[in-house]
$ cat start_19.pdb   # PDB, N, CA and C atoms
ATOM      1  N   MET A   1      69.836 -13.162 141.570
ATOM      2  CA  MET A   1      68.574 -12.464 141.713
ATOM      3  C   MET A   1      67.967 -12.219 140.339
ATOM      4  N   LEU A   2      67.596 -13.269 139.677
ATOM      5  CA  LEU A   2      66.939 -13.213 138.376
ATOM      6  C   LEU A   2      67.759 -12.482 137.318
ATOM      7  N   GLY A   3      69.053 -12.408 137.491
ATOM      8  CA  GLY A   3      69.915 -11.776 136.508
ATOM      9  C   GLY A   3      69.862 -10.260 136.498
ATOM     10  N   ILE A   4      69.214  -9.647 137.478
ATOM     11  CA  ILE A   4      69.124  -8.187 137.540
ATOM     12  C   ILE A   4      70.190  -7.685 138.510
ATOM     13  N   GLN A   5      70.968  -6.728 138.066
ATOM     14  CA  GLN A   5      72.026  -6.165 138.892
ATOM     15  C   GLN A   5      71.445  -5.184 139.912
ATOM     16  N   LEU A   6      72.123  -5.031 141.038
ATOM     17  CA  LEU A   6      71.695  -4.095 142.072
ATOM     18  C   LEU A   6      71.730  -2.657 141.560
ATOM     19  N   GLY A   7      72.733  -2.341 140.736
ATOM     20  CA  GLY A   7      72.827  -1.002 140.154
ATOM     21  C   GLY A   7      71.629  -0.662 139.288
ATOM     22  N   THR A   8      71.102  -1.652 138.600
ATOM     23  CA  THR A   8      69.929  -1.434 137.759
ATOM     24  C   THR A   8      68.693  -1.141 138.606
ATOM     25  N   ILE A   9      68.518  -1.891 139.666
ATOM     26  CA  ILE A   9      67.364  -1.675 140.549
ATOM     27  C   ILE A   9      67.452  -0.299 141.203
ATOM     28  N   LEU A  10      68.626   0.040 141.709
ATOM     29  CA  LEU A  10      68.822   1.344 142.341
ATOM     30  C   LEU A  10      68.657   2.467 141.325
ATOM     31  N   GLY A  11      69.164   2.273 140.121
ATOM     32  CA  GLY A  11      69.029   3.277 139.068
ATOM     33  C   GLY A  11      67.586   3.530 138.686
ATOM     34  N   VAL A  12      66.806   2.476 138.559
ATOM     35  CA  VAL A  12      65.389   2.632 138.216
ATOM     36  C   VAL A  12      64.639   3.334 139.344
ATOM     37  N   ALA A  13      64.948   2.978 140.588
ATOM     38  CA  ALA A  13      64.291   3.637 141.725
ATOM     39  C   ALA A  13      64.634   5.121 141.762
ATOM     40  N   LEU A  14      65.892   5.465 141.551
ATOM     41  CA  LEU A  14      66.290   6.872 141.536
ATOM     42  C   LEU A  14      65.663   7.611 140.362
ATOM     43  N   LEU A  15      65.570   6.949 139.227
ATOM     44  CA  LEU A  15      64.951   7.560 138.053
ATOM     45  C   LEU A  15      63.481   7.881 138.312
ATOM     46  N   VAL A  16      62.771   6.972 138.952
ATOM     47  CA  VAL A  16      61.365   7.199 139.279
ATOM     48  C   VAL A  16      61.216   8.369 140.257
ATOM     49  N   VAL A  17      62.069   8.410 141.274
ATOM     50  CA  VAL A  17      62.003   9.503 142.247
ATOM     51  C   VAL A  17      62.309  10.842 141.581
ATOM     52  N   GLY A  18      63.322  10.875 140.715
ATOM     53  CA  GLY A  18      63.674  12.106 140.025
ATOM     54  C   GLY A  18      62.575  12.601 139.112
ATOM     55  N   ILE A  19      61.974  11.698 138.365
ATOM     56  CA  ILE A  19      60.884  12.086 137.456
ATOM     57  C   ILE A  19      59.662  12.549 138.239
ATOM     58  N   MET A  20      59.346  11.858 139.325
ATOM     59  CA  MET A  20      58.196  12.269 140.135
ATOM     60  C   MET A  20      58.422  13.620 140.783
ATOM     61  N   THR A  21      59.657  13.912 141.175
ATOM     62  CA  THR A  21      59.974  15.203 141.785
ATOM     63  C   THR A  21      59.778  16.329 140.774
ATOM     64  N   ILE A  22      60.249  16.122 139.552
ATOM     65  CA  ILE A  22      60.098  17.155 138.522
ATOM     66  C   ILE A  22      58.640  17.282 138.083
ATOM     67  N   LYS A  23      57.974  16.154 137.889
ATOM     68  CA  LYS A  23      56.593  16.161 137.399
ATOM     69  C   LYS A  23      55.634  16.809 138.395
ATOM     70  N   ASN A  24      55.773  16.472 139.664
ATOM     71  CA  ASN A  24      54.864  16.997 140.686
ATOM     72  C   ASN A  24      55.287  18.367 141.212
ATOM     73  N   LYS A  25      56.474  18.815 140.825
ATOM     74  CA  LYS A  25      57.031  20.085 141.312
ATOM     75  C   LYS A  25      56.998  20.145 142.835
ATOM     76  N   ASP A  26      57.414  19.042 143.444
ATOM     77  CA  ASP A  26      57.375  18.920 144.893
ATOM     78  C   ASP A  26      58.696  18.319 145.362
ATOM     79  N   ILE A  27      59.370  18.989 146.265
ATOM     80  CA  ILE A  27      60.676  18.526 146.727
ATOM     81  C   ILE A  27      60.589  17.591 147.919
ATOM     82  N   SER A  28      59.387  17.240 148.331
ATOM     83  CA  SER A  28      59.241  16.468 149.562
ATOM     84  C   SER A  28      59.790  15.046 149.451
ATOM     85  N   LEU A  29      59.875  14.487 148.250
ATOM     86  CA  LEU A  29      60.420  13.140 148.120
ATOM     87  C   LEU A  29      61.904  13.089 148.480
ATOM     88  N   ILE A  30      62.608  14.184 148.245
ATOM     89  CA  ILE A  30      64.048  14.206 148.469
ATOM     90  C   ILE A  30      64.401  15.008 149.715
ATOM     91  N   TYR A  31      63.742  16.098 149.930
ATOM     92  CA  TYR A  31      64.148  17.066 150.948
ATOM     93  C   TYR A  31      63.300  17.000 152.206
ATOM     94  N   ARG A  32      62.396  16.087 152.323
ATOM     95  CA  ARG A  32      61.458  16.017 153.433
ATOM     96  C   ARG A  32      62.132  15.724 154.770
ATOM     97  N   MET A  33      63.233  15.027 154.757
ATOM     98  CA  MET A  33      63.877  14.628 155.997
ATOM     99  C   MET A  33      64.476  15.816 156.742
ATOM    100  N   ARG A  34      64.683  16.907 156.069
ATOM    101  CA  ARG A  34      65.256  18.092 156.687
ATOM    102  C   ARG A  34      64.139  18.893 157.347
ATOM    103  N   TYR A  35      64.391  19.429 158.520
ATOM    104  CA  TYR A  35      63.365  20.188 159.223
ATOM    105  C   TYR A  35      63.066  21.512 158.533
ATOM    106  N   LYS A  36      63.964  21.977 157.662
ATOM    107  CA  LYS A  36      63.788  23.261 156.994
ATOM    108  C   LYS A  36      62.783  23.204 155.848
ATOM    109  N   TYR A  37      62.313  22.013 155.499
ATOM    110  CA  TYR A  37      61.376  21.847 154.385
ATOM    111  C   TYR A  37      60.142  22.729 154.534
ATOM    112  N   GLN A  38      59.653  22.871 155.740
ATOM    113  CA  GLN A  38      58.424  23.628 155.968
ATOM    114  C   GLN A  38      58.607  25.123 155.748
ATOM    115  N   PHE A  39      59.853  25.611 155.735
ATOM    116  CA  PHE A  39      60.101  27.034 155.567
ATOM    117  C   PHE A  39      60.340  27.452 154.120
ATOM    118  N   VAL A  40      60.397  26.507 153.201
ATOM    119  CA  VAL A  40      60.636  26.822 151.790
ATOM    120  C   VAL A  40      59.321  27.318 151.192
ATOM    121  N   ASP A  41      59.353  28.489 150.537
ATOM    122  CA  ASP A  41      58.133  29.014 149.925
ATOM    123  C   ASP A  41      57.812  28.249 148.640
ATOM    124  N   GLU A  42      56.568  28.364 148.193
ATOM    125  CA  GLU A  42      56.079  27.567 147.065
ATOM    126  C   GLU A  42      56.812  27.873 145.756
ATOM    127  N   ASN A  43      57.174  29.134 145.528
ATOM    128  CA  ASN A  43      57.898  29.472 144.305
ATOM    129  C   ASN A  43      59.269  28.809 144.275
ATOM    130  N   SER A  44      59.930  28.778 145.404
ATOM    131  CA  SER A  44      61.242  28.140 145.475
ATOM    132  C   SER A  44      61.129  26.628 145.343
ATOM    133  N   LYS A  45      60.065  26.040 145.870
ATOM    134  CA  LYS A  45      59.887  24.592 145.750
ATOM    135  C   LYS A  45      59.757  24.182 144.294
ATOM    136  N   ALA A  46      59.009  24.953 143.522
ATOM    137  CA  ALA A  46      58.837  24.616 142.107
ATOM    138  C   ALA A  46      60.147  24.748 141.352
ATOM    139  N   GLU A  47      60.915  25.778 141.664
ATOM    140  CA  GLU A  47      62.201  25.993 140.991
ATOM    141  C   GLU A  47      63.230  24.943 141.403
ATOM    142  N   CYS A  48      63.274  24.648 142.679
ATOM    143  CA  CYS A  48      64.278  23.713 143.179
ATOM    144  C   CYS A  48      63.925  22.261 142.882
ATOM    145  N   SER A  49      62.653  21.976 142.620
ATOM    146  CA  SER A  49      62.288  20.601 142.295
ATOM    147  C   SER A  49      62.945  20.157 140.996
ATOM    148  N   LYS A  50      63.103  21.077 140.053
ATOM    149  CA  LYS A  50      63.791  20.729 138.807
ATOM    150  C   LYS A  50      65.244  20.370 139.082
ATOM    151  N   ASP A  51      65.911  21.185 139.905
ATOM    152  CA  ASP A  51      67.325  20.933 140.200
ATOM    153  C   ASP A  51      67.506  19.640 140.991
ATOM    154  N   LEU A  52      66.660  19.423 141.988
ATOM    155  CA  LEU A  52      66.766  18.197 142.779
ATOM    156  C   LEU A  52      66.453  16.969 141.931
ATOM    157  N   GLY A  53      65.408  17.051 141.134
ATOM    158  CA  GLY A  53      65.045  15.924 140.271
ATOM    159  C   GLY A  53      66.121  15.621 139.254
ATOM    160  N   LEU A  54      66.709  16.663 138.666
ATOM    161  CA  LEU A  54      67.769  16.463 137.686
ATOM    162  C   LEU A  54      68.997  15.829 138.320
ATOM    163  N   SER A  55      69.345  16.241 139.519
ATOM    164  CA  SER A  55      70.515  15.648 140.171
ATOM    165  C   SER A  55      70.279  14.170 140.492
ATOM    166  N   VAL A  56      69.071  13.815 140.883
ATOM    167  CA  VAL A  56      68.763  12.414 141.162
ATOM    168  C   VAL A  56      68.749  11.611 139.865
ATOM    169  N   ILE A  57      68.271  12.204 138.777
ATOM    170  CA  ILE A  57      68.283  11.518 137.488
ATOM    171  C   ILE A  57      69.716  11.293 137.011
ATOM    172  N   ILE A  58      70.612  12.249 137.253
ATOM    173  CA  ILE A  58      72.024  12.069 136.888
ATOM    174  C   ILE A  58      72.610  10.885 137.661
ATOM    175  N   MET A  59      72.292  10.796 138.959
ATOM    176  CA  MET A  59      72.776   9.654 139.736
ATOM    177  C   MET A  59      72.171   8.348 139.222
ATOM    178  N   ALA A  60      70.906   8.380 138.786
ATOM    179  CA  ALA A  60      70.253   7.188 138.250
ATOM    180  C   ALA A  60      70.940   6.719 136.973
ATOM    181  N   VAL A  61      71.309   7.658 136.117
ATOM    182  CA  VAL A  61      72.008   7.290 134.879
ATOM    183  C   VAL A  61      73.340   6.623 135.207
ATOM    184  N   GLY A  62      74.053   7.166 136.187
ATOM    185  CA  GLY A  62      75.313   6.551 136.606
ATOM    186  C   GLY A  62      75.107   5.141 137.138
ATOM    187  N   CYS A  63      74.060   4.948 137.935
ATOM    188  CA  CYS A  63      73.775   3.610 138.478
ATOM    189  C   CYS A  63      73.371   2.633 137.378
ATOM    190  N   LEU A  64      72.609   3.110 136.402
ATOM    191  CA  LEU A  64      72.199   2.238 135.308
ATOM    192  C   LEU A  64      73.370   1.867 134.406
ATOM    193  N   MET A  65      74.374   2.717 134.342
ATOM    194  CA  MET A  65      75.536   2.439 133.504
ATOM    195  C   MET A  65      76.530   1.490 134.167
ATOM    196  N   LEU A  66      76.531   1.411 135.492
ATOM    197  CA  LEU A  66      77.531   0.616 136.211
ATOM    198  C   LEU A  66      77.611  -0.849 135.762
ATOM    199  N   PRO A  67      76.505  -1.582 135.659
ATOM    200  CA  PRO A  67      76.638  -2.986 135.263
ATOM    201  C   PRO A  67      77.217  -3.169 133.862
ATOM    202  N   TYR A  68      76.940  -2.239 132.986
ATOM    203  CA  TYR A  68      77.404  -2.375 131.609
ATOM    204  C   TYR A  68      78.832  -1.877 131.442
ATOM    205  N   LEU A  69      79.195  -0.848 132.183
ATOM    206  CA  LEU A  69      80.561  -0.335 132.099
ATOM    207  C   LEU A  69      81.539  -1.213 132.858
ATOM    208  N   GLY A  70      81.046  -1.996 133.795
ATOM    209  CA  GLY A  70      81.920  -2.888 134.548
ATOM    210  C   GLY A  70      82.540  -3.970 133.684
ATOM    211  N   LYS A  71      81.924  -4.270 132.557
ATOM    212  CA  LYS A  71      82.448  -5.293 131.651
ATOM    213  C   LYS A  71      83.617  -4.772 130.825
ATOM    214  N   ILE A  72      83.743  -3.443 130.694
ATOM    215  CA  ILE A  72      84.839  -2.830 129.958
ATOM    216  C   ILE A  72      85.906  -2.436 130.977
ATOM    217  N   SER A  73      87.151  -2.701 130.670
ATOM    218  CA  SER A  73      88.213  -2.426 131.644
ATOM    219  C   SER A  73      88.323  -0.927 131.930
ATOM    220  N   ASN A  74      88.329  -0.591 133.197
ATOM    221  CA  ASN A  74      88.467   0.771 133.721
ATOM    222  C   ASN A  74      87.334   1.717 133.326
ATOM    223  N   ALA A  75      86.321   1.276 132.637
ATOM    224  CA  ALA A  75      85.197   2.150 132.292
ATOM    225  C   ALA A  75      84.207   2.238 133.444
ATOM    226  N   TYR A  76      84.327   1.362 134.430
ATOM    227  CA  TYR A  76      83.480   1.367 135.617
ATOM    228  C   TYR A  76      83.541   2.719 136.319
ATOM    229  N   TRP A  77      84.706   3.341 136.272
ATOM    230  CA  TRP A  77      84.903   4.615 136.959
ATOM    231  C   TRP A  77      84.121   5.738 136.318
ATOM    232  N   ILE A  78      83.764   5.607 135.063
ATOM    233  CA  ILE A  78      82.928   6.629 134.413
ATOM    234  C   ILE A  78      81.569   6.698 135.105
ATOM    235  N   GLY A  79      80.979   5.540 135.388
ATOM    236  CA  GLY A  79      79.706   5.498 136.105
ATOM    237  C   GLY A  79      79.817   6.058 137.509
ATOM    238  N   VAL A  80      80.909   5.747 138.188
ATOM    239  CA  VAL A  80      81.125   6.266 139.538
ATOM    240  C   VAL A  80      81.255   7.787 139.511
ATOM    241  N   ILE A  81      81.968   8.316 138.518
ATOM    242  CA  ILE A  81      82.127   9.767 138.399
ATOM    243  C   ILE A  81      80.789  10.435 138.102
ATOM    244  N   ILE A  82      79.956   9.813 137.278
ATOM    245  CA  ILE A  82      78.624  10.367 136.985
ATOM    246  C   ILE A  82      77.775  10.401 138.251
ATOM    247  N   ILE A  83      77.845   9.350 139.048
ATOM    248  CA  ILE A  83      77.102   9.327 140.314
ATOM    249  C   ILE A  83      77.608  10.432 141.241
ATOM    250  N   LEU A  84      78.912  10.609 141.315
ATOM    251  CA  LEU A  84      79.473  11.665 142.163
ATOM    252  C   LEU A  84      79.068  13.055 141.678
ATOM    253  N   LEU A  85      79.029  13.254 140.372
ATOM    254  CA  LEU A  85      78.592  14.553 139.838
ATOM    255  C   LEU A  85      77.135  14.832 140.199
ATOM    256  N   GLY A  86      76.289  13.809 140.120
ATOM    257  CA  GLY A  86      74.897  13.973 140.531
ATOM    258  C   GLY A  86      74.769  14.285 142.006
ATOM    259  N   TYR A  87      75.599  13.637 142.826
ATOM    260  CA  TYR A  87      75.566  13.889 144.266
ATOM    261  C   TYR A  87      76.050  15.299 144.590
ATOM    262  N   ILE A  88      77.090  15.750 143.891
ATOM    263  CA  ILE A  88      77.586  17.116 144.113
ATOM    264  C   ILE A  88      76.523  18.125 143.724
ATOM    265  N   LYS A  89      75.833  17.880 142.603
ATOM    266  CA  LYS A  89      74.755  18.783 142.185
ATOM    267  C   LYS A  89      73.625  18.782 143.216
ATOM    268  N   LEU A  90      73.327  17.630 143.782
ATOM    269  CA  LEU A  90      72.299  17.531 144.817
ATOM    270  C   LEU A  90      72.676  18.368 146.039
ATOM    271  N   MET A  91      73.908  18.257 146.484
ATOM    272  CA  MET A  91      74.352  19.019 147.652
ATOM    273  C   MET A  91      74.375  20.521 147.362
ATOM    274  N   LEU A  92      74.775  20.918 146.173
ATOM    275  CA  LEU A  92      74.765  22.339 145.816
ATOM    276  C   LEU A  92      73.346  22.890 145.749
ATOM    277  N   THR A  93      72.414  22.085 145.279
ATOM    278  CA  THR A  93      71.018  22.514 145.226
ATOM    279  C   THR A  93      70.450  22.673 146.633
ATOM    280  N   ILE A  94      70.767  21.743 147.522
ATOM    281  CA  ILE A  94      70.299  21.852 148.902
ATOM    282  C   ILE A  94      70.909  23.085 149.566
ATOM    283  N   LYS A  95      72.161  23.365 149.268
ATOM    284  CA  LYS A  95      72.803  24.570 149.803
ATOM    285  C   LYS A  95      72.106  25.829 149.288
ATOM    286  N   LYS A  96      71.702  25.816 148.005
ATOM    287  CA  LYS A  96      70.986  26.951 147.424
ATOM    288  C   LYS A  96      69.610  27.105 148.075
ATOM    289  N   ILE A  97      68.941  26.004 148.356
ATOM    290  CA  ILE A  97      67.636  26.076 149.025
ATOM    291  C   ILE A  97      67.808  26.684 150.420
ATOM    292  N   ASN A  98      68.837  26.267 151.124
ATOM    293  CA  ASN A  98      69.065  26.774 152.476
ATOM    294  C   ASN A  98      69.382  28.265 152.456
ATOM    295  N   LYS A  99      70.078  28.738 151.448
ATOM    296  CA  LYS A  99      70.353  30.179 151.350
ATOM    297  C   LYS A  99      69.088  30.970 151.114
ATOM    298  N   LYS A 100      68.125  30.405 150.375
ATOM    299  CA  LYS A 100      66.873  31.101 150.133
ATOM    300  C   LYS A 100      66.019  31.178 151.393
ATOM    301  N   ILE A 101      66.188  30.199 152.267
ATOM    302  CA  ILE A 101      65.398  30.208 153.501
ATOM    303  C   ILE A 101      65.904  31.256 154.467
ATOM    304  N   PHE A 102      67.220  31.296 154.640
ATOM    305  CA  PHE A 102      67.783  32.189 155.672
ATOM    306  C   PHE A 102      68.471  33.366 155.054
TER
END
$ encode --input "start_19.pdb" --output "structure tokens"
Amino acid sequence: MLGIQLGTILGVALLVVGIMTIKNKDISLIYRMRYKYQFVDENSKAECSKDLGLSVIIMAVGCLMLPYLGKISNAYWIGVIIILLGYIKLMLTIKKINKKIF
């Protein structure tokens, strides 16, 4: 596929989503699929957009590192761990949003 790795494409897409979430201060790109989105107040959306965007950017960095770390023995797992840390931060942020709602 033109020499572009899948991790690079996914990383760039996640990076764009994360930056747009932080820039627009809108969590709808990430959190829209949940029915609770409509109950989040505007102040919380602005605060949580930074956390959600940052967690997606962390996952993007991990995805962008995968093709390059795969060439070094056992360094591939560093990228996987970075992706997992971003995912854990994403889940903790969603849990924090849900606590603010109820």
$ atom_distance --input "start_19.pdb" --atom1 "atom C of A:Val61" --atom2 "atom CA of A:Trp77"
11.9 Å
$ residues_near_point --input "start_19.pdb" --point "(63.1, 24.2, 148.4)" --cutoff "7 Å" --atoms "only C-alpha atoms" --output "PyMOL selection string"
chain A and resi 27+37+40+44-45+48+97
$ residues_near_point --input "start_19.pdb" --point "(60.9, 17.0, 139.4)" --cutoff "8 Å" --atoms "all atoms listed in the file" --output "MDAnalysis selection string"
chainID A and resid 17:27 48:54
$ atom_distance --input "start_19.pdb" --atom1 "atom CA of A:Ser55" --atom2 "atom CA of A:Asn98"
16.7 Å
$ residues_around --input "start_19.pdb" --residues "A:Thr8" --least-positions-apart "4" --cutoff "12 Å" --atoms "only C-alpha atoms" --output "list in words"
Met1, Gly3, Ile4, Val12, Ala13, Leu14, Leu15, Met59, Ala60, Val61, Gly62, Cys63, Leu64, Met65, Leu66, Pro67 and Tyr68 of chain A
$ closest_residue --input "start_19.pdb" --among "A:Ile9, A:Ile58, A:Leu69, A:Ile30" --to "A:Ile83" --atoms "all atoms listed in the file"
A:Ile58
$ select_by_dssp --input "start_19.pdb" --residues "chain A" --states "alpha helix (DSSP H)" --output "ChimeraX atom specification"
/A:6-24,28-31,42-69,76-101
$ atom_distance --input "start_19.pdb" --atom1 "atom CA of A:Asn43" --atom2 "atom CA of A:Ile57"
21.8 Å
$ axis_aligned_box --input "start_19.pdb" --around "stretch 71-90 of chain A" --padding-each-side "5 Å" --output "JSON"
{"center_x": 80.4, "center_y": 6.7, "center_z": 138.0, "size_x": 26.2, "size_y": 34.1, "size_z": 26.1}
$ decode --input "start_19.pdb" --residues "stretch 11-55 of chain A" --atoms "C-alpha atoms" --output "JSON list (two decimals), in the first residue's frame"
[["chain", "number", "residue", "atom", "x", "y", "z"],
["A", 11, "GLY", "CA", -1.90, 7.14, 14.16],
["A", 12, "VAL", "CA", -2.47, 10.13, 11.90],
["A", 13, "ALA", "CA", -6.25, 9.65, 12.06],
["A", 14, "LEU", "CA", -6.17, 9.46, 15.86],
["A", 15, "LEU", "CA", -3.88, 12.49, 16.01],
["A", 16, "VAL", "CA", -6.31, 14.53, 13.91],
["A", 17, "VAL", "CA", -9.27, 13.48, 16.07],
["A", 18, "GLY", "CA", -7.38, 14.30, 19.28],
["A", 19, "ILE", "CA", -6.29, 17.72, 18.07],
["A", 20, "MET", "CA", -9.77, 18.56, 16.79],
["A", 21, "THR", "CA", -11.29, 17.52, 20.12],
["A", 22, "ILE", "CA", -8.95, 19.80, 22.07],
["A", 23, "LYS", "CA", -9.13, 22.68, 19.59],
["A", 24, "ASN", "CA", -12.93, 22.74, 19.31],
["A", 25, "LYS", "CA", -13.44, 21.96, 23.02],
["A", 26, "ASP", "CA", -16.09, 19.47, 21.97],
["A", 27, "ILE", "CA", -16.22, 15.85, 23.10],
["A", 28, "SER", "CA", -18.70, 14.76, 20.45],
["A", 29, "LEU", "CA", -16.04, 13.25, 18.18],
["A", 30, "ILE", "CA", -15.15, 10.68, 20.83],
["A", 31, "TYR", "CA", -18.06, 10.50, 23.25],
["A", 32, "ARG", "CA", -21.03, 10.96, 20.90],
["A", 33, "MET", "CA", -21.88, 7.27, 20.70],
["A", 34, "ARG", "CA", -22.88, 7.22, 24.36],
["A", 35, "TYR", "CA", -26.44, 8.27, 25.15],
["A", 36, "LYS", "CA", -25.18, 10.24, 28.17],
["A", 37, "TYR", "CA", -23.51, 12.84, 25.92],
["A", 38, "GLN", "CA", -26.59, 15.06, 25.98],
["A", 39, "PHE", "CA", -26.50, 15.29, 29.79],
["A", 40, "VAL", "CA", -22.94, 16.65, 30.07],
["A", 41, "ASP", "CA", -22.96, 20.38, 30.90],
["A", 42, "GLU", "CA", -20.91, 22.81, 28.80],
["A", 43, "ASN", "CA", -18.30, 23.50, 31.49],
["A", 44, "SER", "CA", -17.58, 19.81, 31.86],
["A", 45, "LYS", "CA", -17.38, 19.33, 28.09],
["A", 46, "ALA", "CA", -14.66, 21.95, 27.81],
["A", 47, "GLU", "CA", -12.69, 20.43, 30.69],
["A", 48, "CYS", "CA", -13.11, 16.84, 29.56],
["A", 49, "SER", "CA", -12.29, 17.60, 25.93],
["A", 50, "LYS", "CA", -8.68, 18.20, 26.96],
["A", 51, "ASP", "CA", -8.50, 14.85, 28.75],
["A", 52, "LEU", "CA", -10.20, 12.93, 25.94],
["A", 53, "GLY", "CA", -8.10, 14.61, 23.27],
["A", 54, "LEU", "CA", -4.89, 13.98, 25.18],
["A", 55, "SER", "CA", -5.69, 10.30, 25.65]]
